[in-house]
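Participant: Pasting in a structure now, in structure tokens, and then I'll have a few things to ask.
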Amino acid sequence: MSNDLMEKIVSLCKRRGFVYPGSEIYGGLQGFYDFGPLGVEMKNNLKRLWWDWMTKAHDNIVGIDGAIIVNPKVWEASGHLKSFVDPLAECKKCHKRFKADDLAGDKCPECGGQLTEPRLFNILVPTQLGVIEGEKQTAYLRGEACQTIYLDYKNVLDSSRVKIPFGICQIGKAFRNEVTPGNFLFRQREFEQWDLQWFCHPNEMEKWFEYWKGERMSWFKSLFTHPENLGFYQHEKLAHYAKKAFDIEYTASPVGKEMEGIHWRGDWDLARHAEFSGQDLSYTDPETNEKFIPQIVETSGGVDRMFLFLLLDAYAEEKERVVLKLNPKVAPYKVAVFPLLKNKPDLVAKAREIYQDLRKDMNVVWDERGNIGKRYFAQDEIGTPFCVTVDFDSLEKGDVTVRDRDSMKQERIKIGDLKEYLGSKMN
Ligand code: GAP
């Protein structure tokens, strides 16, 4: 897969309303993007699928939605103030900074100037709270969304019926002063994460770590067009909080591959927060009375990265069309409805009736521009799995043409059977 493909995806995303560069009319801001009308539908589909899978397909998982700004002490306790750093070298001539890991030698890759020795830069994004100059308090936008889960762990235990082993899940924004944002959605400064923190008995860590590795991989595989492009990567260099870490990767990516991290966080987070807050964050088993600090398996993924990888994976160029072969569950629209001719009121009225009825159950788009062939290709390019055309036979016989995006085959289906037909094809 080439960078050429990446360029095509970036262009399609802007042209068709999936993703726009952030604050573009002011020249943009590196590492920030906005999701357009189609992008927000697709991203919401992903988040809904993840949320339902976590909270409905598994026992003993509850959700929270935590604050983006937390007490600054959290970042001391979590280790991020000390360890969330990138070593950078600065060019003495052009003053640009580069990640030490990306450099070969001591000369600036842009102007050839002499580089300084690498120094550490923290990538938490600071902000100021308060209104009086000189008395403002420095806080940080959360560098990883999961921290609020540890902060709420005791409240969740006290206010719900969960018992170990149990999980708390959350979808939310995270912010990082990435030194080298780039590659479109892959490395942003503002992005969204979905996290599960699974709290368990120390003796059961190995079992649950393997369980969640398997579960997460099978979830991703169920949604990608080419599941064979997914794999595991085991980290040797570990983040400060992890004892063991695997990534789920999109191996065909032309940029970075990491999509989700499965991390053995052990008791690092709860023990540190207990120490820094002075609170008792241990758990007492209601049956055995054993008291212990739960250990944590984390599955922490990037919503935007999955979004990008799904588009790269689904994109295909075939003879005269570009098609996104997205899983119907992920596609922004499930069905497009057209009247064969837009100047025939009877056809338009029947098509509108079908459109309104389908809309009660799924995301449907209306199109009456151009000819049918052009409408099909326009829907292919945004991944709409089915197109329904209302023609003169529909008025007489009560059936419509349903065209399948991937096979391009057309079938006549009775209007009364349409919902069932589409439902069966999509699940
Ligand atoms: N709580 C653990 C944690 O944050 P991470 O590996 O740093 O772990 C988890 O991040 C996931 O968040 C990554 O696998 C990736 O999908 C996503 N992610 C991290 N940095 C990102 C960035 N700058 N832009 C987009 N997504 C990012």
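Naming works like this for the structure tokens: A, B, ... for the chains as they're shown, residue 1 at the start of each chain, ligands 1 onward in shown order.
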Taking a cut-off of 8 Å and counting only C-alpha atoms and all ligand atoms, can you build a table that, for each residue of chain A near ligand 1, reports the nearest atom pair and how far apart they are in Å (one decimal), sorted by chain then residue number, as JSON lines?

Facilitator:
{"residue": "A:Gly143", "atom": "CA", "partner": "ligand 1", "partner_atom_place_in_ligand_line": "4 (O)", "distance": 7.2}
{"residue": "A:Glu144", "atom": "CA", "partner": "ligand 1", "partner_atom_place_in_ligand_line": "4 (O)", "distance": 4.5}
{"residue": "A:Ala145", "atom": "CA", "partner": "ligand 1", "partner_atom_place_in_ligand_line": "1 (N)", "distance": 6.4}
{"residue": "A:Cys146", "atom": "CA", "partner": "ligand 1", "partner_atom_place_in_ligand_line": "1 (N)", "distance": 5.3}
{"residue": "A:Gln147", "atom": "CA", "partner": "ligand 1", "partner_atom_place_in_ligand_line": "1 (N)", "distance": 7.5}
{"residue": "A:Phe175", "atom": "CA", "partner": "ligand 1", "partner_atom_place_in_ligand_line": "23 (N)", "distance": 7.6}
{"residue": "A:Arg176", "atom": "CA", "partner": "ligand 1", "partner_atom_place_in_ligand_line": "23 (N)", "distance": 6.3}
{"residue": "A:Glu178", "atom": "CA", "partner": "ligand 1", "partner_atom_place_in_ligand_line": "23 (N)", "distance": 6.2}
{"residue": "A:Pro181", "atom": "CA", "partner": "ligand 1", "partner_atom_place_in_ligand_line": "23 (N)", "distance": 6.8}
{"residue": "A:Leu185", "atom": "CA", "partner": "ligand 1", "partner_atom_place_in_ligand_line": "25 (C)", "distance": 6.1}
{"residue": "A:Phe186", "atom": "CA", "partner": "ligand 1", "partner_atom_place_in_ligand_line": "25 (C)", "distance": 4.9}
{"residue": "A:Arg187", "atom": "CA", "partner": "ligand 1", "partner_atom_place_in_ligand_line": "24 (N)", "distance": 3.6}
{"residue": "A:Gln188", "atom": "CA", "partner": "ligand 1", "partner_atom_place_in_ligand_line": "24 (N)", "distance": 3.9}
{"residue": "A:Arg189", "atom": "CA", "partner": "ligand 1", "partner_atom_place_in_ligand_line": "23 (N)", "distance": 5.4}
{"residue": "A:Glu190", "atom": "CA", "partner": "ligand 1", "partner_atom_place_in_ligand_line": "24 (N)", "distance": 6.8}
{"residue": "A:Phe191", "atom": "CA", "partner": "ligand 1", "partner_atom_place_in_ligand_line": "25 (C)", "distance": 5.1}
{"residue": "A:Glu192", "atom": "CA", "partner": "ligand 1", "partner_atom_place_in_ligand_line": "26 (N)", "distance": 6.8}
{"residue": "A:Gln193", "atom": "CA", "partner": "ligand 1", "partner_atom_place_in_ligand_line": "12 (O)", "distance": 5.4}
{"residue": "A:Trp194", "atom": "CA", "partner": "ligand 1", "partner_atom_place_in_ligand_line": "12 (O)", "distance": 7.9}
{"residue": "A:Asp195", "atom": "CA", "partner": "ligand 1", "partner_atom_place_in_ligand_line": "1 (N)", "distance": 7.0}
{"residue": "A:Asp247", "atom": "CA", "partner": "ligand 1", "partner_atom_place_in_ligand_line": "14 (O)", "distance": 6.9}
{"residue": "A:Ile248", "atom": "CA", "partner": "ligand 1", "partner_atom_place_in_ligand_line": "14 (O)", "distance": 7.9}
{"residue": "A:Glu258", "atom": "CA", "partner": "ligand 1", "partner_atom_place_in_ligand_line": "14 (O)", "distance": 5.4}
{"residue": "A:Met259", "atom": "CA", "partner": "ligand 1", "partner_atom_place_in_ligand_line": "16 (O)", "distance": 4.0}
{"residue": "A:Glu260", "atom": "CA", "partner": "ligand 1", "partner_atom_place_in_ligand_line": "14 (O)", "distance": 3.7}
{"residue": "A:Gly261", "atom": "CA", "partner": "ligand 1", "partner_atom_place_in_ligand_line": "14 (O)", "distance": 4.8}
{"residue": "A:His263", "atom": "CA", "partner": "ligand 1", "partner_atom_place_in_ligand_line": "2 (C)", "distance": 7.5}
{"residue": "A:Glu298", "atom": "CA", "partner": "ligand 1", "partner_atom_place_in_ligand_line": "1 (N)", "distance": 7.2}
{"residue": "A:Thr299", "atom": "CA", "partner": "ligand 1", "partner_atom_place_in_ligand_line": "2 (C)", "distance": 7.7}
{"residue": "A:Ser300", "atom": "CA", "partner": "ligand 1", "partner_atom_place_in_ligand_line": "9 (C)", "distance": 4.7}
{"residue": "A:Gly301", "atom": "CA", "partner": "ligand 1", "partner_atom_place_in_ligand_line": "11 (C)", "distance": 4.1}
{"residue": "A:Gly302", "atom": "CA", "partner": "ligand 1", "partner_atom_place_in_ligand_line": "16 (O)", "distance": 3.2}
{"residue": "A:Val303", "atom": "CA", "partner": "ligand 1", "partner_atom_place_in_ligand_line": "16 (O)", "distance": 6.8}
{"residue": "A:Asp304", "atom": "CA", "partner": "ligand 1", "partner_atom_place_in_ligand_line": "25 (C)", "distance": 6.1}
{"residue": "A:Arg305", "atom": "CA", "partner": "ligand 1", "partner_atom_place_in_ligand_line": "16 (O)", "distance": 5.4}
{"residue": "A:Met306", "atom": "CA", "partner": "ligand 1", "partner_atom_place_in_ligand_line": "16 (O)", "distance": 7.3}

Participant: Output as a VMD selection string all residues of region 163-329 of chain A that backbone DSSP marks as strand (DSSP E or B).

Facilitator: chain A and resid 166 to 175 182 187 190 to 200 230 to 234 244 to 250 258 to 266 283 to 284 291 to 292 295 to 302 315 to 318 321 to 324

Participant: If we count only C-alpha atoms and set the cut-off at 7 Å, which residues sit around region 325-333 of chain A, ignoring sequence neighbours fewer than 3 positions away in its own chain? Please answer as a list in words.

Facilitator: Leu38, Glu41, Met42, Asn45, Leu46, Leu223, Phe224, Thr225, Ala314, Tyr315, Asn363, Val364, Val365, Gly383, Thr384, Pro385, Asp406 and Met426 of chain A

Participant: For the atom pair CA of Arg359 (chain A) and CA of Tyr421 (chain A), what is the interatomic distance in Å to one decimal place?

Facilitator: 15.1 Å

Participant: Of the residues A:Glu396, A:Glu135, A:Glu206, A:Asp367, which is the one nearest to Asp346 (chain A), using only C-alpha atoms?

Facilitator: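 Closest candidate: A:Glu396.
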
Participant: Please identify all polymer residues within 9 Å of Tyr376 (chain A), counting only C-alpha atoms, omitting same-chain residues fewer than 5 positions from it, and present them as a list in words.

Facilitator: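 Everything that qualifies: Ala336, Asn371, Glu381, Cys387, Arg403 and Arg405 of chain A.
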
Participant: Assign secondary structure with DSSP using the backbone only, and return the residues of region 26-175 of chain A in helix (DSSP H, G or I) as a PyMOL selection string.

Facilitator: chain A and resi 26+37-55+73-77+80-83+100-102+147-159

Participant: Would you list the contacts of region 390-393 of chain A as a list in words, taking every protein, DNA or RNA residue within 10 Å and counting only C-alpha atoms, but skipping same-chain residues closer than 3 positions in sequence?

Facilitator: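 With the cut-off at 10 Å, the set is Val337, Phe338, Pro339, Leu340, Leu341, Lys344, Asp346, Leu347, Val348, Ala349, Lys350, Ala351, Arg352, Ile354, Glu396, Lys397, Gly398, Asp399, Val400, Thr401, Val402 and Ile415 of chain A.
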
Participant: Interatomic distance between CA of Asp280 (chain A) and CA of Val156 (chain A)?

Facilitator: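 Between CA of Asp280 (chain A) and CA of Val156 (chain A) the gap works out to 14.4 Å.
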